[in-house]
Every structure is written in C-alpha cells, then in structure tokens.
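Enquirer: Dumping the structure here so I can ask a few things about it.
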Amino acid sequence: MQSHEKLLGILDLFDEENPEWDFDAMLVRLGFSRSTLYRYLKVLTDAGLLSSFPGRGYSLGPRIIQMDYQIIVSDPLIRAARPIMQDLTQEYPSVSLLCRRYRQGVLCVHQESSTDQVRSNFERGRSRPLLRGAASQVILAHLSPYQLSRLYDENPVAFAKAGLGETLPAVRSVLKDIRQRGWHHTVAAVTPGVTGVATALFDAQEEVTGSLSLTFPGTDLSEEEIAGIGKRLSDASRSVAERLHKAL
C-alpha cells in the first residue's frame, strides 16, 4: 500500500460506531510504526481533517464540515436535482432522496421532504449496501455483467435474502425486469412501514451514477399508483440528467 493510501486510510476509521480514536487503538488497528502514525496524524490535523482532544484522542475535523458545505452549495448533481426533487415532494407527500453510487454501496447526498408522517432512515451522508431498498437496487440493476458477477460471488446468500434470486441467472432475470421497466419499488425494505420507488440516474457516458427516489408513508399503495409514480420519477430523472449535462 502506498504512503498516501495509508494516510487517507486513517480517515476510514471514523464512522457512526467509532467517532473517536485514541493513538494506541489506531496503532493496533493500522499496524503502523509509532513514528509513522505520529507523522500521518500531524499531516491530517494540520490540514483540519482531524481534531485532537487531550484525554480523548482524535475525531474528524472542521475541514470536513467546510467541505461538506461546499458540496451542498456547489455539487453539480445536487444543484441539478434539488428543484426537481422539490417539485416531486410538492406533488407527492413524501421524502425524496438523491443517492450516489459509492464504493460497494450507495450514499445519500441530498434529501427533500414534504411530510412528517415518515422519516427516512437513509439520511444525507449515510451509506447502505447495493442490495437494500429501491434506491440501491435500481442502481444494482444497471451494473455491468462483470460487476454483478463479482458482487454475487462475494455473497450469494445476501442476494437471496434481498429477494433478488437464489442463483445468478435468477438475479440477472430480476434485474433485467427492473431495467426494462425503468423504475423499481420496495416495501419496508429499509424503513418499516414505508414504500420506496426509485429510478436510476446516468452520467454523460450512460453509466449509472446514482438514483432518485421517493419514500411514502404506508405500504398500501396500489399497483396502479406505484406505476404512475415510477413513470413520473423516470421523467424526473431524465430532467435531472438534462440539467446536469447543460451545466457541464
């Protein structure tokens, strides 16, 4: 592993379960020499990416907050999608999520809401696997055959538990149906008592880059209602892509 990869890997230690780390715990987890870890921590704290607190250790620093604000106000995808998401939530009492494909999962990058009857567990900055929920599975449906095969080989049981199929051919058939339909819906897949409907977002090279979804309170939407919402979302996703490409 290159030195810059080791340095950046320190930031991956910090998550919801482990928001703070002391020096000795990091030393054990990372396996660096003491001098190397001291040097990397100094670089990260000087850059504002980490903060140190006497007697407590290290946590993510103020530079992260500054960068997050910069993303909120200037990220091209968020800027293209925000007004469309606002229109959608005015049209449907729901929570709208904008998600990006990130590493081996999906990351929520923006949320709009027009109802207090449901609170999505998938908030901005949270990630979840590609197999959970409509916003994730609609991205999964547009991965290349090679990417899908690799994911399936890593954990075929997870695909079965997600209701996507007991074999790779069966999974491919389910995901093909999603691609051809253009949208996907799930019921209580992530948040109990809600229905999620989602469609994929694509970049200029027609590679799947994320998803646009709506989360509704309740699980009693009719097939006709879900189909209408799915078609509306498909139109909205195309509008997001058009706005994004015009801005580039």
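As shown in the structure tokens, the chain order sets the letters A, B, ...; within each chain, residues go from 1, and ligands are also counted from 1 in the order they appear.
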DSSP on the backbone, then: every residue of segment 26-102 of chain A marked strand (DSSP E), written as a list of chain:residue names.
Expert: A:Leu50, A:Ser51, A:Ser52, A:Phe53, A:Gly57, A:Tyr58, A:Ser59, A:Leu60, A:Val95, A:Ser96, A:Leu97, A:Leu98, A:Cys99, A:Arg100, A:Arg101, A:Tyr102
Enquirer: Restricted to N, CA, C and O atoms, what would the selected residues look like written as a short mmCIF file (atom, residue, chain, number, x, y, z; two decimals), in the first residue's frame?
Expert:
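See part_14.cif below for the written result:
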data_model
loop_
_atom_site.label_atom_id
_atom_site.label_comp_id
_atom_site.auth_asym_id
_atom_site.auth_seq_id
_atom_site.Cartn_x
_atom_site.Cartn_y
_atom_site.Cartn_z
N LEU A 50 -8.58 16.20 10.82
CA LEU A 50 -8.76 15.59 12.13
C LEU A 50 -8.60 16.65 13.20
O LEU A 50 -7.90 17.66 13.00
N SER A 51 -9.25 16.43 14.33
CA SER A 51 -9.05 17.27 15.52
C SER A 51 -8.60 16.37 16.66
O SER A 51 -9.03 15.21 16.76
N SER A 52 -7.73 16.89 17.52
CA SER A 52 -7.27 16.11 18.67
C SER A 52 -7.77 16.77 19.95
O SER A 52 -7.83 18.00 20.06
N PHE A 53 -8.17 15.92 20.90
CA PHE A 53 -8.68 16.38 22.18
C PHE A 53 -7.91 15.67 23.29
O PHE A 53 -7.94 14.45 23.37
N GLY A 57 -8.50 11.72 22.42
CA GLY A 57 -7.98 11.20 21.17
C GLY A 57 -8.34 12.08 19.99
O GLY A 57 -8.32 13.31 20.09
N TYR A 58 -8.72 11.45 18.90
CA TYR A 58 -8.94 12.16 17.64
C TYR A 58 -10.37 11.95 17.13
O TYR A 58 -10.99 10.92 17.34
N SER A 59 -10.87 12.98 16.44
CA SER A 59 -12.15 12.89 15.75
C SER A 59 -12.02 13.64 14.43
O SER A 59 -11.00 14.31 14.20
N LEU A 60 -13.01 13.51 13.58
CA LEU A 60 -12.98 14.24 12.31
C LEU A 60 -12.97 15.74 12.57
O LEU A 60 -13.60 16.23 13.51
N VAL A 95 -40.81 11.73 1.01
CA VAL A 95 -39.41 12.12 1.18
C VAL A 95 -38.68 11.73 -0.09
O VAL A 95 -38.77 10.58 -0.55
N SER A 96 -37.98 12.68 -0.68
CA SER A 96 -37.22 12.42 -1.90
C SER A 96 -35.74 12.30 -1.55
O SER A 96 -35.19 13.13 -0.83
N LEU A 97 -35.10 11.27 -2.07
CA LEU A 97 -33.68 11.02 -1.82
C LEU A 97 -32.89 11.04 -3.12
O LEU A 97 -33.32 10.48 -4.13
N LEU A 98 -31.76 11.71 -3.08
CA LEU A 98 -30.80 11.69 -4.17
C LEU A 98 -29.59 10.89 -3.69
O LEU A 98 -29.00 11.24 -2.66
N CYS A 99 -29.26 9.85 -4.41
CA CYS A 99 -28.19 8.95 -3.98
C CYS A 99 -27.12 8.80 -5.06
O CYS A 99 -27.42 8.87 -6.25
N ARG A 100 -25.90 8.60 -4.61
CA ARG A 100 -24.78 8.31 -5.49
C ARG A 100 -24.28 6.90 -5.24
O ARG A 100 -24.27 6.43 -4.10
N ARG A 101 -23.83 6.26 -6.28
CA ARG A 101 -23.10 5.01 -6.10
C ARG A 101 -21.73 5.35 -5.51
O ARG A 101 -21.04 6.25 -5.99
N TYR A 102 -21.35 4.66 -4.43
CA TYR A 102 -20.10 4.97 -3.74
C TYR A 102 -19.46 3.68 -3.25
O TYR A 102 -20.06 2.94 -2.47
#
Enquirer: Using DSSP on the backbone, list every residue of segment 16-239 of chain A that comes out as helix (DSSP H, G or I), and give them as an MDAnalysis selection string.
Expert: chainID A and resid 23:30 34:46 62:74 76:91 134:140 145:154 156:161 168:181 223:239
Enquirer: Name all residues at most 12 Å from Tyr40 of chain A (count only C-alpha atoms; drop same-chain ones fewer than 4 positions away) and give them as a PyMOL selection string.
Expert: chain A and resi 3-11+23+26-27+30+32-36+44-47+49-50
Enquirer: Write out the residues from the selection above, keeping N, CA, C and O atoms, as a short mmCIF file (atom, residue, chain, number, x, y, z; two decimals), in the first residue's frame.
Expert:
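Result went into again.cif, see below:
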data_model
loop_
_atom_site.label_atom_id
_atom_site.label_comp_id
_atom_site.auth_asym_id
_atom_site.auth_seq_id
_atom_site.Cartn_x
_atom_site.Cartn_y
_atom_site.Cartn_z
N SER A 3 2.08 5.19 0.57
CA SER A 3 2.01 6.01 1.77
C SER A 3 0.76 6.89 1.80
O SER A 3 0.14 7.07 2.85
N HIS A 4 0.37 7.44 0.63
CA HIS A 4 -0.83 8.29 0.62
C HIS A 4 -2.09 7.48 0.89
O HIS A 4 -3.05 7.98 1.48
N GLU A 5 -2.10 6.23 0.47
CA GLU A 5 -3.24 5.37 0.76
C GLU A 5 -3.33 5.06 2.25
O GLU A 5 -4.42 5.01 2.83
N LYS A 6 -2.18 4.86 2.87
CA LYS A 6 -2.16 4.61 4.32
C LYS A 6 -2.66 5.84 5.08
O LYS A 6 -3.43 5.72 6.03
N LEU A 7 -2.21 7.02 4.64
CA LEU A 7 -2.62 8.25 5.31
C LEU A 7 -4.12 8.44 5.21
O LEU A 7 -4.81 8.70 6.21
N LEU A 8 -4.66 8.32 4.00
CA LEU A 8 -6.10 8.51 3.82
C LEU A 8 -6.90 7.40 4.49
O LEU A 8 -8.05 7.62 4.88
N GLY A 9 -6.29 6.22 4.62
CA GLY A 9 -6.98 5.12 5.29
C GLY A 9 -7.30 5.41 6.74
O GLY A 9 -8.23 4.82 7.31
N ILE A 10 -6.55 6.32 7.36
CA ILE A 10 -6.85 6.71 8.74
C ILE A 10 -8.26 7.30 8.83
O ILE A 10 -9.00 7.06 9.78
N LEU A 11 -8.65 8.08 7.83
CA LEU A 11 -9.98 8.71 7.85
C LEU A 11 -11.09 7.66 7.80
O LEU A 11 -12.19 7.90 8.32
N PHE A 23 -4.68 7.22 20.18
CA PHE A 23 -3.48 6.88 19.42
C PHE A 23 -3.19 5.37 19.48
O PHE A 23 -2.93 4.75 18.45
N MET A 26 -5.54 3.22 17.38
CA MET A 26 -5.22 3.34 15.96
C MET A 26 -3.96 2.55 15.62
O MET A 26 -3.87 1.92 14.57
N LEU A 27 -3.00 2.59 16.51
CA LEU A 27 -1.74 1.88 16.29
C LEU A 27 -1.99 0.38 16.14
O LEU A 27 -1.44 -0.27 15.24
N LEU A 30 -4.14 -0.25 12.75
CA LEU A 30 -3.48 0.03 11.47
C LEU A 30 -2.16 -0.71 11.30
O LEU A 30 -1.73 -0.96 10.17
N PHE A 32 0.81 0.46 11.92
CA PHE A 32 1.90 1.36 11.55
C PHE A 32 2.93 1.41 12.67
O PHE A 32 2.64 1.05 13.83
N SER A 33 4.12 1.90 12.36
CA SER A 33 5.07 2.22 13.43
C SER A 33 4.59 3.48 14.14
O SER A 33 3.82 4.27 13.58
N ARG A 34 5.04 3.70 15.37
CA ARG A 34 4.61 4.86 16.13
C ARG A 34 5.00 6.15 15.41
O ARG A 34 4.21 7.10 15.33
N SER A 35 6.21 6.19 14.88
CA SER A 35 6.67 7.41 14.21
C SER A 35 5.86 7.70 12.96
O SER A 35 5.54 8.86 12.67
N THR A 36 5.50 6.65 12.21
CA THR A 36 4.70 6.84 11.00
C THR A 36 3.32 7.36 11.35
O THR A 36 2.81 8.30 10.72
N LEU A 44 -2.75 15.24 8.98
CA LEU A 44 -4.21 15.32 8.93
C LEU A 44 -4.76 16.41 9.86
O LEU A 44 -5.72 17.11 9.51
N THR A 45 -4.16 16.57 11.03
CA THR A 45 -4.63 17.62 11.95
C THR A 45 -4.24 19.00 11.44
O THR A 45 -5.03 19.95 11.54
N ASP A 46 -3.05 19.12 10.87
CA ASP A 46 -2.63 20.41 10.30
C ASP A 46 -3.55 20.83 9.16
O ASP A 46 -3.79 22.03 8.94
N ALA A 47 -4.06 19.84 8.42
CA ALA A 47 -4.97 20.13 7.30
C ALA A 47 -6.41 20.35 7.77
O ALA A 47 -7.27 20.71 6.96
N LEU A 49 -8.38 18.04 8.82
CA LEU A 49 -9.20 16.86 8.56
C LEU A 49 -9.44 16.04 9.82
O LEU A 49 -10.40 15.26 9.89
N LEU A 50 -8.58 16.20 10.82
CA LEU A 50 -8.76 15.59 12.13
C LEU A 50 -8.60 16.65 13.20
O LEU A 50 -7.90 17.66 13.00
#
Enquirer: Can you measure atom CA of Ala80 of chain A to atom CA of Met67 of chain A for me? One decimal in Å is fine.
Expert: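 Between these atoms lies a distance of 19.1 Å.
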Enquirer: Just the number, please: distance in Å from atom CA of Arg56 of chain A to atom CA of Glu20 of chain A, one decimal.
Expert: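 Calculated distance between atom CA of Arg56 of chain A and atom CA of Glu20 of chain A is 7.5 Å.
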Enquirer: Do you have the atom CA of Gly125 of chain A-atom CA of Met85 of chain A distance handy?
Expert: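 Answer for the atom CA of Gly125 of chain A to atom CA of Met85 of chain A separation: 17.5 Å.
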Enquirer: Fewer than 3 positions away in the same chain doesn't count, so skip those; otherwise give me all residues within 12 Å of Leu212 of chain A, counting only C-alpha atoms, as a ChimeraX atom specification.
Expert: /A:77-78,80-82,84-85,88,95-101,106-112,134-139,182-185,196-202,208-209,215,229-230,232-241
Enquirer: Hey, what's within 7 Å of Gly133 of chain A if we count only C-alpha atoms and toss same-chain stuff fewer than 4 positions away? As a PyMOL selection string, please?
Expert: chain A and resi 137+186+189-190
Enquirer: Would you mind telling me which residue in A:Arg39, A:Arg132, A:Arg179, A:His142 lies nearest to Leu164 of chain A when using only C-alpha atoms?
Expert: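 Closest to Leu164 of chain A, using only C-alpha atoms: A:Arg132.
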Enquirer: Please determine, counting only C-alpha atoms, which residue among A:Asp87, A:Pro129, A:Ser74, A:Tyr69 has the shortest atom-to-atom distance to Leu214 of chain A.
Expert: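 Selected residue with least distance to Leu214 of chain A: A:Asp87.
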Enquirer: For each of A:Gly105, A:Pro62, A:Pro93, A:Gly55, take the minimum atom-to-atom distance to Gly210 of chain A, counting only C-alpha atoms, then give the residue where this is smallest.
Expert: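 When distances to Gly210 of chain A are compared using only C-alpha atoms, the smallest one comes from A:Gly105.
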Enquirer: For Arg119 of chain A, which residue among A:Gly228, A:Gly48, A:Pro19, A:Pro192 is the nearest when counting only C-alpha atoms?
Expert: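 Nearest candidate to Arg119 of chain A out of A:Gly228, A:Gly48, A:Pro19, A:Pro192: A:Pro192.
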Enquirer: Choose the residue, out of A:Val187, A:Leu244, A:Thr115, A:Ala141, that has the smallest atom-to-atom separation from Ser173 of chain A; count only C-alpha atoms.
Expert: A:Ala141
Enquirer: Show which residues sit within 7 Å of Ala162 of chain A, as a PyMOL selection string. Count only C-alpha atoms, and ignore same-chain residues fewer than 3 positions away.
Expert: chain A and resi 131-132+158-159
Enquirer: Measuring atom to atom with only C-alpha atoms, identify which of A:Pro156, A:Leu148, A:Arg79, A:Ala188 is nearest to Arg172 of chain A.
Expert: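 Of the candidates, the smallest distance to Arg172 of chain A is held by A:Leu148.
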